[in-house]
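The structure appears right after this line, and notes come after that.
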Amino acid sequence: MQQKLPNGGPKASKLEAILNSAVAAIITIDTSGLIDSINPATERIFGYHADELIGQNVRILMPEPFHNEHDSYISNYLSTGRRKIIGVGREVMGKRKDGTTFPLDLSVSEFVAGGKRYFAGIITNLSDRRRVEEALLESERKLAQAQRLEAIGQLTGGIAHDFNNLLTVITGNLELIEMSVQGEHLHKMLRDAQEAADLAAKLTSRLLAFARRSHLEPEILETNDLVLNVTSMLRRTLGEHISLSTVLSPDLWQVKVDPTQAESSLVNLAINARDAMSKGGKLVVETRNIRMDEVKSGDAIELPHGDYVQISISDTGTGMPAEVRDRAFEPFFTTKTRGHGTGLGLSMVYGFAKQSGGHVTIYSELGYGATINIYLPRANGTMDAAVAADAEPSPRRGETVLVVEDDDGVRDLTVTRLATLGFKIYESSDGASAIRFLESGLKVDLLFSDLMLPGGLTGYDIARKAREIYPGIRILLTSGYAEDLLRTENLGGIKLLRKPYRLADLRSALDAVLNGPP
């Protein structure tokens, strides 16, 4: 403990050793709330040195509203004897030196030493436990969603098969009747009935696609050629108010999929994007190679390790709230008005991707458009030696990186990757705490920030502030949205890394930023 125990021989030394080795923070304060002693765990958890804390009011370690109310807690207890937290454990929030807050468990006791009253607080950091609990809840939510889609798929697949049998009977008899009746009026009625039956057959075909029971005829395809063929047609049909562009990766791997279903999927996604941009906007189709064992993001990619081709369709439309995003792949679920959609477009895309051995994900926030990613397995599944060699990280010179990312899982992975590459890392979960950290005076060589962050500040805002404080600081931003859709006028030459990315992509981007001009 800082503030040594009086010399009491072996027992005192043993007690001090126990306090110094404790994992939990142990803080003692006097009746005025001033810190009398702390143990080393307090320094680790809160980021202060002992000489910065001893003699300070303990509220320095508390965010609002506890910061301003703490002294009244003590005075009320001393005047009334009524216990609110003394002898009781409770979960509250703590505040680190860099301004970030975190959940903690606080247990407070009272004791007398040398004729003076003191309070002792034992503090356990709950951040890791909270992350595990949140990850478990998210896993349970995703499992429930997957099980719901699977159950709906089994139900709709069975119905679609039965309905196809009925349609076969209906359309066959309509043809027979048409062959045996006379009169243009009757023939027109029969043609109208046949067209309605054909439309019903198309709907059941989409249901079968969602249920992964479609008859597929896969072929080896050049994905970029597929995208160019579809976008060439879309340029003539989307309308002048939609700006369509492509960002195609060279040396793209081949895929083995049904070309008709693949084209239908891209058209469906483009039509959905167009409908979300009633006042006009940008639509971007991207392709790239991706190795799934090196990817981790908030995208919930549920695929075996291996090589995949990613096709991303991004728009600048209205975006989706979480409750819509979670149900978007369900058949007949639609937010469009009656008569303007069947609710089967995305479900067909989902079924096609799954039946082809791939996956599809949605990245969207209300007001910020949407990006839908289709992952299709590489046709030959082999790893190029050059790519494999490129995945080996090269050691750095120990530069310091400030990571700003609100998703706990992505932030933890990023910190691990950067440590593997030889960087020293600081981390922050939002813009405000990142700016406070930059203002603290600690040296930072590179800012690596997500663009979309909670609290009103974006990666652009942090980058501008960082350059005010450190004119020579290097900056790398990252986002799950297509690069062409971002407000490129705000980048000011800042490099942007597209999510999800491989370790090799991260290393290459960092090398380019650190070795290039500020």
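By convention in this document, the chains of the structure tokens carry letters A, B, ... by their order, each chain's residues are numbered from 1, and ligands are numbered from 1 in the order they are shown.
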
> Which polymer residues have any atom within 8 Å of an atom of Met277 in chain A, counting only C-alpha atoms, with same-chain residues fewer than 2 positions away left out, as a list of chain:residue names?
Replying inline: A:Ile242, A:Ala273, A:Arg274, A:Asp275, A:Lys279, A:Gly280, A:Gly281, A:Asp315, A:Thr316, A:Gly317, A:Thr318

Export N, CA and C atoms of the chosen residues as an mmCIF file, in the first residue's frame?
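Resulting contents of out-v6.cif:
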data_model
loop_
_atom_site.group_PDB
_atom_site.id
_atom_site.type_symbol
_atom_site.label_atom_id
_atom_site.label_comp_id
_atom_site.auth_asym_id
_atom_site.auth_seq_id
_atom_site.Cartn_x
_atom_site.Cartn_y
_atom_site.Cartn_z
ATOM 1 N N ILE A 242 -30.024 8.268 -59.720
ATOM 2 C CA ILE A 242 -29.136 7.351 -59.003
ATOM 3 C C ILE A 242 -27.778 7.324 -59.698
ATOM 4 N N ALA A 273 -31.960 -0.851 -53.043
ATOM 5 C CA ALA A 273 -31.179 0.360 -52.772
ATOM 6 C C ALA A 273 -31.816 1.575 -53.451
ATOM 7 N N ARG A 274 -32.263 1.386 -54.693
ATOM 8 C CA ARG A 274 -32.922 2.494 -55.407
ATOM 9 C C ARG A 274 -34.159 2.967 -54.654
ATOM 10 N N ASP A 275 -34.958 2.011 -54.165
ATOM 11 C CA ASP A 275 -36.189 2.374 -53.451
ATOM 12 C C ASP A 275 -35.900 3.112 -52.150
ATOM 13 N N LYS A 279 -35.069 10.299 -53.295
ATOM 14 C CA LYS A 279 -34.650 11.628 -53.728
ATOM 15 C C LYS A 279 -33.289 11.600 -54.437
ATOM 16 N N GLY A 280 -32.853 10.413 -54.794
ATOM 17 C CA GLY A 280 -31.568 10.274 -55.465
ATOM 18 C C GLY A 280 -30.449 9.939 -54.499
ATOM 19 N N GLY A 281 -29.332 9.491 -55.049
ATOM 20 C CA GLY A 281 -28.195 9.140 -54.207
ATOM 21 C C GLY A 281 -27.161 8.349 -54.978
ATOM 22 N N ASP A 315 -25.450 1.870 -50.527
ATOM 23 C CA ASP A 315 -26.271 2.999 -50.962
ATOM 24 C C ASP A 315 -26.229 4.118 -49.929
ATOM 25 N N THR A 316 -26.679 5.281 -50.340
ATOM 26 C CA THR A 316 -26.750 6.438 -49.441
ATOM 27 C C THR A 316 -28.197 6.731 -49.075
ATOM 28 N N GLY A 317 -28.990 5.680 -48.935
ATOM 29 C CA GLY A 317 -30.412 5.825 -48.656
ATOM 30 C C GLY A 317 -30.721 6.085 -47.199
ATOM 31 N N THR A 318 -31.926 5.711 -46.809
ATOM 32 C CA THR A 318 -32.423 6.027 -45.474
ATOM 33 C C THR A 318 -31.836 5.157 -44.382
#

> Excluding same-chain residues fewer than 3 positions from range 107-124 of chain A, what lies within 9 Å of it counting only C-alpha atoms, as a VMD selection string?
Replying inline: chain A and resid 23 to 31 33 36 42 45 85 to 91 103 to 104

Create the file for the chosen residues now, containing N, CA and C atoms and written as a short mmCIF file (atom, residue, chain, number, x, y, z; two decimals), in the first residue's frame.
data_model
loop_
_atom_site.label_atom_id
_atom_site.label_comp_id
_atom_site.auth_asym_id
_atom_site.auth_seq_id
_atom_site.Cartn_x
_atom_site.Cartn_y
_atom_site.Cartn_z
N VAL A 23 -5.81 -8.31 -6.46
CA VAL A 23 -6.25 -7.99 -7.82
C VAL A 23 -7.21 -6.80 -7.78
N ALA A 24 -8.03 -6.72 -6.74
CA ALA A 24 -8.99 -5.63 -6.61
C ALA A 24 -8.29 -4.36 -6.11
N ALA A 25 -8.84 -3.22 -6.51
CA ALA A 25 -8.35 -1.94 -5.99
C ALA A 25 -8.84 -1.76 -4.56
N ILE A 26 -7.96 -1.31 -3.66
CA ILE A 26 -8.32 -1.05 -2.26
C ILE A 26 -7.92 0.38 -1.95
N ILE A 27 -8.92 1.17 -1.57
CA ILE A 27 -8.72 2.60 -1.31
C ILE A 27 -9.26 2.93 0.06
N THR A 28 -8.52 3.67 0.86
CA THR A 28 -9.04 4.17 2.13
C THR A 28 -9.14 5.68 2.06
N ILE A 29 -10.22 6.21 2.64
CA ILE A 29 -10.44 7.66 2.67
C ILE A 29 -10.80 8.07 4.10
N ASP A 30 -10.60 9.36 4.41
CA ASP A 30 -11.00 9.85 5.73
C ASP A 30 -12.43 10.38 5.65
N THR A 31 -12.90 10.96 6.74
CA THR A 31 -14.29 11.40 6.81
C THR A 31 -14.56 12.62 5.93
N GLY A 33 -13.52 12.55 2.78
CA GLY A 33 -13.48 12.00 1.44
C GLY A 33 -12.12 12.05 0.79
N ASP A 36 -6.50 8.41 1.60
CA ASP A 36 -5.40 8.23 2.54
C ASP A 36 -4.39 7.22 2.04
N THR A 42 -5.08 -0.26 -7.66
CA THR A 42 -5.78 1.01 -7.93
C THR A 42 -5.09 1.77 -9.06
N ILE A 45 -5.92 -0.04 -12.40
CA ILE A 45 -7.31 0.04 -12.84
C ILE A 45 -7.68 1.46 -13.28
N ILE A 85 -24.53 2.69 1.55
CA ILE A 85 -23.59 1.81 0.85
C ILE A 85 -22.60 1.14 1.79
N ILE A 86 -22.52 1.61 3.03
CA ILE A 86 -21.59 1.01 3.99
C ILE A 86 -22.01 -0.43 4.25
N GLY A 87 -21.08 -1.34 4.05
CA GLY A 87 -21.37 -2.74 4.28
C GLY A 87 -22.18 -3.40 3.19
N VAL A 88 -22.40 -2.67 2.10
CA VAL A 88 -23.22 -3.21 1.00
C VAL A 88 -22.44 -3.10 -0.30
N GLY A 89 -22.43 -4.17 -1.09
CA GLY A 89 -21.80 -4.12 -2.40
C GLY A 89 -22.78 -3.60 -3.44
N ARG A 90 -22.30 -2.79 -4.35
CA ARG A 90 -23.18 -2.29 -5.40
C ARG A 90 -22.37 -2.05 -6.67
N GLU A 91 -23.07 -2.04 -7.79
CA GLU A 91 -22.42 -1.80 -9.08
C GLU A 91 -22.57 -0.33 -9.44
N PRO A 103 -17.62 -0.02 -15.73
CA PRO A 103 -18.43 -0.54 -14.63
C PRO A 103 -17.54 -1.18 -13.56
N LEU A 104 -17.92 -1.01 -12.31
CA LEU A 104 -17.15 -1.62 -11.23
C LEU A 104 -18.09 -2.04 -10.10
#

>> Give me the residues near range 268-272 of chain A as JSON, numbers by chain, where near means some atom within 9 Å (using only C-alpha atoms) and where sequence neighbours in that chain fewer than 4 positions away do not count.
In response: {"A": [234, 238, 263, 264, 276, 277, 283, 313, 314, 315, 345, 346, 348, 349, 372]}

So that I can see what lies close to Ser32 in chain A, please list as a short mmCIF file (atom, residue, chain, number, x, y, z; two decimals) with C-alpha atoms, in the first residue's frame the residues with an atom at most 10 Å from it, counting only C-alpha atoms and leaving out residues fewer than 2 positions away in the same chain.
data_model
loop_
_atom_site.label_atom_id
_atom_site.label_comp_id
_atom_site.auth_asym_id
_atom_site.auth_seq_id
_atom_site.Cartn_x
_atom_site.Cartn_y
_atom_site.Cartn_z
CA ILE A 29 -10.44 7.66 2.67
CA ASP A 30 -11.00 9.85 5.73
CA LEU A 34 -9.74 12.52 1.00
CA ILE A 35 -7.73 9.51 -0.17
CA ASN A 57 -10.94 13.77 -2.90
CA VAL A 58 -12.02 10.28 -3.96
CA ASP A 71 -19.48 14.25 -0.28
CA ILE A 74 -20.53 10.83 3.65
CA SER A 75 -21.98 13.83 5.53
CA TYR A 118 -11.79 5.83 7.90
#

>> So that I can check the secondary structure, give me every residue of range 34-140 of chain A assigned strand (DSSP E) by backbone DSSP, as a ChimeraX atom specification.
In response: /A:35-38,89-95,101-113,116-125

Take the residues that were just selected and, keeping C-alpha atoms, output them as a CSV table (one decimal), in the first residue's frame.
chain,number,residue,atom,x,y,z
A,35,ILE,CA,-7.7,9.5,-0.2
A,36,ASP,CA,-5.4,8.2,2.5
A,37,SER,CA,-4.0,5.1,0.9
A,38,ILE,CA,-4.2,3.0,-2.2
A,89,GLY,CA,-21.8,-4.1,-2.4
A,90,ARG,CA,-23.2,-2.3,-5.4
A,91,GLU,CA,-22.4,-1.8,-9.1
A,92,VAL,CA,-21.4,1.8,-10.1
A,93,MET,CA,-19.3,3.5,-12.7
A,94,GLY,CA,-15.7,4.5,-12.3
A,95,LYS,CA,-13.7,7.1,-14.2
A,101,THR,CA,-15.7,5.3,-17.7
A,102,PHE,CA,-16.1,1.6,-16.8
A,103,PRO,CA,-18.4,-0.5,-14.6
A,104,LEU,CA,-17.1,-1.6,-11.2
A,105,ASP,CA,-18.3,-3.4,-8.1
A,106,LEU,CA,-17.8,-1.3,-4.9
A,107,SER,CA,-17.9,-2.6,-1.4
A,108,VAL,CA,-17.4,-0.1,1.4
A,109,SER,CA,-16.5,-0.7,5.0
A,110,GLU,CA,-15.7,1.5,8.0
A,111,PHE,CA,-12.9,1.2,10.5
A,112,VAL,CA,-11.0,3.2,13.2
A,113,ALA,CA,-7.2,3.5,13.3
A,116,LYS,CA,-9.6,8.4,13.5
A,117,ARG,CA,-12.5,7.1,11.4
A,118,TYR,CA,-11.8,5.8,7.9
A,119,PHE,CA,-13.7,4.2,5.1
A,120,ALA,CA,-12.2,1.4,2.9
A,121,GLY,CA,-13.5,0.7,-0.6
A,122,ILE,CA,-12.8,-2.6,-2.4
A,123,ILE,CA,-13.2,-2.1,-6.2
A,124,THR,CA,-13.5,-4.9,-8.8
A,125,ASN,CA,-13.3,-3.9,-12.5

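In this comparison, which uses only C-alpha atoms, the residue of A:Val513, A:Arg96, A:Thr237, A:Thr371 approaching Glu43 in chain A most closely is A:Arg96.
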
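Within 12 Å of Ile170 in chain A, once only C-alpha atoms are used and residues closer than 5 positions along the same chain are dropped, the contacting residues are A:Phe163, A:Asn164, A:Asn165, A:Glu175, A:Leu176, A:Ile177, A:Leu190, A:Ala193, A:Gln194, A:Glu195, A:Ala196, A:Ala197, A:Asp198, A:Ala200, A:Ala201.
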
Serialized selection, C-alpha atoms, as a PDB file, in the first residue's frame:
ATOM      1  CA  PHE A 163     -48.206 -24.753 -53.873  1.00  0.00           C
ATOM      2  CA  ASN A 164     -46.168 -25.597 -56.975  1.00  0.00           C
ATOM      3  CA  ASN A 165     -48.078 -28.863 -57.267  1.00  0.00           C
ATOM      4  CA  GLU A 175     -53.900 -24.731 -71.210  1.00  0.00           C
ATOM      5  CA  LEU A 176     -56.269 -27.604 -71.953  1.00  0.00           C
ATOM      6  CA  ILE A 177     -59.327 -25.356 -71.666  1.00  0.00           C
ATOM      7  CA  LEU A 190     -57.708 -17.663 -69.878  1.00  0.00           C
ATOM      8  CA  ALA A 193     -55.546 -16.450 -65.468  1.00  0.00           C
ATOM      9  CA  GLN A 194     -52.380 -18.014 -66.913  1.00  0.00           C
ATOM     10  CA  GLU A 195     -50.381 -14.825 -66.279  1.00  0.00           C
ATOM     11  CA  ALA A 196     -51.577 -14.761 -62.678  1.00  0.00           C
ATOM     12  CA  ALA A 197     -50.523 -18.397 -62.274  1.00  0.00           C
ATOM     13  CA  ASP A 198     -47.115 -17.606 -63.767  1.00  0.00           C
ATOM     14  CA  ALA A 200     -47.576 -17.127 -58.428  1.00  0.00           C
ATOM     15  CA  ALA A 201     -44.964 -19.560 -59.757  1.00  0.00           C
TER      16      ALA A 201
END

> How many Å separate CA of Thr223 in chain A from CA of Thr246 in chain A?
Replying inline: 12.5 Å
